[in-house]
Amino acid sequence: MARHLVVFAFIFFLVSCASSGGGSGNYIYAISKGDRFVLKKNIAISARKAHVVLQDGKIENFANIDKYAPFCRFEVNTKGEQTIKPDTFTVTKVSQNQPEVLPYTYNYYVKFDLSAANNPNIRSLACGAWGSGNATYLTFPQMQQALGSYFEIPEPKLQR
């Protein structure tokens with residue numbers, strides 16, 4: 001009986017991995033230090049803010065987004081009305097996070113610290129979505145859905 005339970009658990013694990021998108025190369029945490037994001041369009045940041053939130057390819061107010069759907073937060077270092085012009089940003093650090101935001105609800109996000117040779121004001125891009133304890137991080141297509149045509153994201157790495 002115990003042997004059947006172990007076999008069942010192993011099969012369940014394999015099916016779970018397959019249904020969640022496969023290997024780590026499909027998930028945005030596969031982006032690593034040195035990879036590059038390319039901003040394709042101007043981003044306007046309003047007064048008293050140092051960030052914008054993107055969902056479904058549009059800049060939105062955080063209070064109005066569906067937090068259970070993919071979204072990204074692009075941050076700069078200084079608050080105030082400003083326009084970030086198209087540029088290339090290099091990833092300097094990657095961190096995975098899953099803080100609890102409500103009881104049994106977590107924000108699964110990956111934060112990419114960024115730098116730009118032409119703009120020292122650039123801070124980071126964080127992408128994720130809220131979910132229950134069995135949710136997971138975003139895939140590359142989900143991240144691109146959130147960012148729309150604003151950003152070109154690094155290509156997924158092939159698993160070896």
# chains A, B, ... in the order shown; residues from 1 in each chain; ligands from 1
$ residues_around --residues "Lys67 (chain A)" --least-positions-apart "3" --cutoff "9 Å" --atoms "only C-alpha atoms" --output "list in words"
Phe62, Ala63, Asn64, Pro70, Phe71, Asn107, Gly128, Ala129, Trp130 and Gly131 of chain A
$ residues_around --residues "Tyr68 (chain A)" --least-positions-apart "5" --cutoff "12 Å" --atoms "only C-alpha atoms" --output "PyMOL selection string"
chain A and resi 55+101+105-109+127-132+135-138+142+146
$ write_last_selection --atoms "N, CA and C atoms" --output "PDB file, in the first residue's frame"
ATOM      1  N   GLN A  55      -0.575  46.477 -17.199  1.00  0.00           N
ATOM      2  CA  GLN A  55      -1.370  45.253 -17.284  1.00  0.00           C
ATOM      3  C   GLN A  55      -2.053  45.239 -18.643  1.00  0.00           C
ATOM      4  N   VAL A 101      -0.194  38.753   0.934  1.00  0.00           N
ATOM      5  CA  VAL A 101      -0.849  40.058   0.843  1.00  0.00           C
ATOM      6  C   VAL A 101      -2.231  40.060   1.498  1.00  0.00           C
ATOM      7  N   THR A 105      -3.265  34.314   0.500  1.00  0.00           N
ATOM      8  CA  THR A 105      -3.080  34.894  -0.829  1.00  0.00           C
ATOM      9  C   THR A 105      -1.697  35.523  -0.879  1.00  0.00           C
ATOM     10  N   TYR A 106      -0.960  35.186  -1.930  1.00  0.00           N
ATOM     11  CA  TYR A 106       0.425  35.617  -2.061  1.00  0.00           C
ATOM     12  C   TYR A 106       0.612  36.380  -3.364  1.00  0.00           C
ATOM     13  N   ASN A 107       1.581  37.287  -3.375  1.00  0.00           N
ATOM     14  CA  ASN A 107       1.964  37.990  -4.593  1.00  0.00           C
ATOM     15  C   ASN A 107       3.233  37.313  -5.102  1.00  0.00           C
ATOM     16  N   TYR A 108       3.079  36.456  -6.100  1.00  0.00           N
ATOM     17  CA  TYR A 108       4.221  35.752  -6.695  1.00  0.00           C
ATOM     18  C   TYR A 108       4.830  36.668  -7.745  1.00  0.00           C
ATOM     19  N   TYR A 109       5.974  37.272  -7.413  1.00  0.00           N
ATOM     20  CA  TYR A 109       6.594  38.161  -8.392  1.00  0.00           C
ATOM     21  C   TYR A 109       8.100  37.974  -8.436  1.00  0.00           C
ATOM     22  N   CYS A 127       7.432  41.775 -11.964  1.00  0.00           N
ATOM     23  CA  CYS A 127       6.261  41.214 -12.639  1.00  0.00           C
ATOM     24  C   CYS A 127       5.740  40.010 -11.872  1.00  0.00           C
ATOM     25  N   GLY A 128       4.425  39.923 -11.746  1.00  0.00           N
ATOM     26  CA  GLY A 128       3.822  38.804 -11.043  1.00  0.00           C
ATOM     27  C   GLY A 128       2.323  38.866 -11.047  1.00  0.00           C
ATOM     28  N   ALA A 129       1.724  38.129 -10.134  1.00  0.00           N
ATOM     29  CA  ALA A 129       0.273  38.092  -9.951  1.00  0.00           C
ATOM     30  C   ALA A 129      -0.012  37.487  -8.588  1.00  0.00           C
ATOM     31  N   TRP A 130      -1.143  37.849  -8.035  1.00  0.00           N
ATOM     32  CA  TRP A 130      -1.561  37.266  -6.772  1.00  0.00           C
ATOM     33  C   TRP A 130      -2.096  35.865  -7.023  1.00  0.00           C
ATOM     34  N   GLY A 131      -2.004  35.011  -6.011  1.00  0.00           N
ATOM     35  CA  GLY A 131      -2.541  33.666  -6.127  1.00  0.00           C
ATOM     36  C   GLY A 131      -2.536  32.969  -4.787  1.00  0.00           C
ATOM     37  N   SER A 132      -3.117  31.776  -4.774  1.00  0.00           N
ATOM     38  CA  SER A 132      -3.167  30.982  -3.549  1.00  0.00           C
ATOM     39  C   SER A 132      -1.818  30.304  -3.329  1.00  0.00           C
ATOM     40  N   ALA A 135      -0.094  28.652  -6.367  1.00  0.00           N
ATOM     41  CA  ALA A 135       0.137  29.414  -7.596  1.00  0.00           C
ATOM     42  C   ALA A 135       1.626  29.398  -7.917  1.00  0.00           C
ATOM     43  N   THR A 136       2.006  30.038  -9.000  1.00  0.00           N
ATOM     44  CA  THR A 136       3.407  30.044  -9.397  1.00  0.00           C
ATOM     45  C   THR A 136       3.765  31.367 -10.052  1.00  0.00           C
ATOM     46  N   TYR A 137       5.024  31.496 -10.401  1.00  0.00           N
ATOM     47  CA  TYR A 137       5.515  32.711 -11.046  1.00  0.00           C
ATOM     48  C   TYR A 137       5.051  32.767 -12.495  1.00  0.00           C
ATOM     49  N   LEU A 138       5.151  33.954 -13.099  1.00  0.00           N
ATOM     50  CA  LEU A 138       4.696  34.143 -14.471  1.00  0.00           C
ATOM     51  C   LEU A 138       5.587  33.431 -15.479  1.00  0.00           C
ATOM     52  N   GLN A 142       3.020  35.288 -20.300  1.00  0.00           N
ATOM     53  CA  GLN A 142       2.233  36.091 -19.361  1.00  0.00           C
ATOM     54  C   GLN A 142       2.896  37.446 -19.102  1.00  0.00           C
ATOM     55  N   ALA A 146       1.429  41.273 -20.004  1.00  0.00           N
ATOM     56  CA  ALA A 146       1.341  42.407 -19.078  1.00  0.00           C
ATOM     57  C   ALA A 146       2.023  43.642 -19.655  1.00  0.00           C
TER      58      ALA A 146
END
$ atom_distance --atom1 "CA of Gln98 (chain A)" --atom2 "CA of Leu54 (chain A)"
19.1 Å
$ select_by_dssp --residues "region 22-148 of chain A" --states "strand (DSSP E or B)" --output "ChimeraX atom specification"
/A:27,36-39,43-45,51-55,58-60,71-76,82-84,87-97,100-102,105-115,122-131,139
$ write_last_selection --atoms "C-alpha atoms" --output "tab-separated table (two decimals), in the first residue's frame"
chain	number	residue	atom	x	y	z
A	27	TYR	CA	9.34	31.06	-16.28
A	36	ARG	CA	18.45	43.10	-21.28
A	37	PHE	CA	15.00	44.62	-21.43
A	38	VAL	CA	14.33	47.12	-24.22
A	39	LEU	CA	11.82	49.93	-23.62
A	43	ILE	CA	6.55	55.86	-20.32
A	44	ALA	CA	5.05	58.88	-18.58
A	45	ILE	CA	5.26	58.87	-14.79
A	51	HIS	CA	6.53	54.01	-10.84
A	52	VAL	CA	3.91	52.85	-13.31
A	53	VAL	CA	1.91	49.63	-13.33
A	54	LEU	CA	1.35	47.80	-16.62
A	55	GLN	CA	-1.37	45.25	-17.28
A	58	LYS	CA	-1.62	49.46	-20.75
A	59	ILE	CA	-0.45	51.76	-17.98
A	60	GLU	CA	-2.99	51.46	-15.18
A	71	PHE	CA	0.96	42.78	-14.05
A	72	CYS	CA	4.31	44.55	-13.88
A	73	ARG	CA	5.60	47.54	-11.91
A	74	PHE	CA	8.34	49.66	-13.52
A	75	GLU	CA	10.18	51.85	-10.97
A	76	VAL	CA	12.57	54.78	-11.07
A	82	GLN	CA	8.84	62.55	-15.93
A	83	THR	CA	9.03	60.69	-19.20
A	84	ILE	CA	11.25	57.66	-19.59
A	87	ASP	CA	16.33	52.68	-23.93
A	88	THR	CA	17.99	49.37	-23.10
A	89	PHE	CA	18.11	48.28	-19.46
A	90	THR	CA	20.54	45.67	-18.16
A	91	VAL	CA	19.49	43.29	-15.38
A	92	THR	CA	21.85	43.67	-12.40
A	93	LYS	CA	19.99	41.39	-9.94
A	94	VAL	CA	17.05	38.98	-9.96
A	95	SER	CA	15.00	38.08	-6.89
A	96	GLN	CA	11.91	35.89	-6.45
A	97	ASN	CA	9.35	36.93	-3.87
A	100	GLU	CA	1.43	37.13	1.80
A	101	VAL	CA	-0.85	40.06	0.84
A	102	LEU	CA	-4.10	38.66	2.28
A	105	THR	CA	-3.08	34.89	-0.83
A	106	TYR	CA	0.43	35.62	-2.06
A	107	ASN	CA	1.96	37.99	-4.59
A	108	TYR	CA	4.22	35.75	-6.69
A	109	TYR	CA	6.59	38.16	-8.39
A	110	VAL	CA	10.09	38.35	-9.78
A	111	LYS	CA	11.97	41.62	-9.38
A	112	PHE	CA	14.64	42.65	-11.87
A	113	ASP	CA	16.97	45.39	-10.66
A	114	LEU	CA	17.94	47.40	-13.74
A	115	SER	CA	20.58	49.83	-14.89
A	122	ILE	CA	16.10	53.56	-13.57
A	123	ARG	CA	15.50	51.20	-10.62
A	124	SER	CA	13.57	47.99	-11.37
A	125	LEU	CA	10.86	46.02	-13.11
A	126	ALA	CA	8.81	43.55	-11.04
A	127	CYS	CA	6.26	41.21	-12.64
A	128	GLY	CA	3.82	38.80	-11.04
A	129	ALA	CA	0.27	38.09	-9.95
A	130	TRP	CA	-1.56	37.27	-6.77
A	131	GLY	CA	-2.54	33.67	-6.13
A	139	THR	CA	5.73	32.55	-17.74
$ residues_around --residues "Asp56 (chain A)" --least-positions-apart "3" --cutoff "7 Å" --atoms "only C-alpha atoms" --output "PyMOL selection string"
chain A and resi 145-148
$ atom_distance --atom1 "CA of Asp35 (chain A)" --atom2 "CA of Thr78 (chain A)"
24.0 Å
$ closest_residue --among "A:Asn61, A:Phe140, A:Ala117, A:Arg48" --to "Pro154 (chain A)" --atoms "only C-alpha atoms"
A:Phe140
$ atom_distance --atom1 "CA of Lys157 (chain A)" --atom2 "CA of Asn26 (chain A)"
7.9 Å
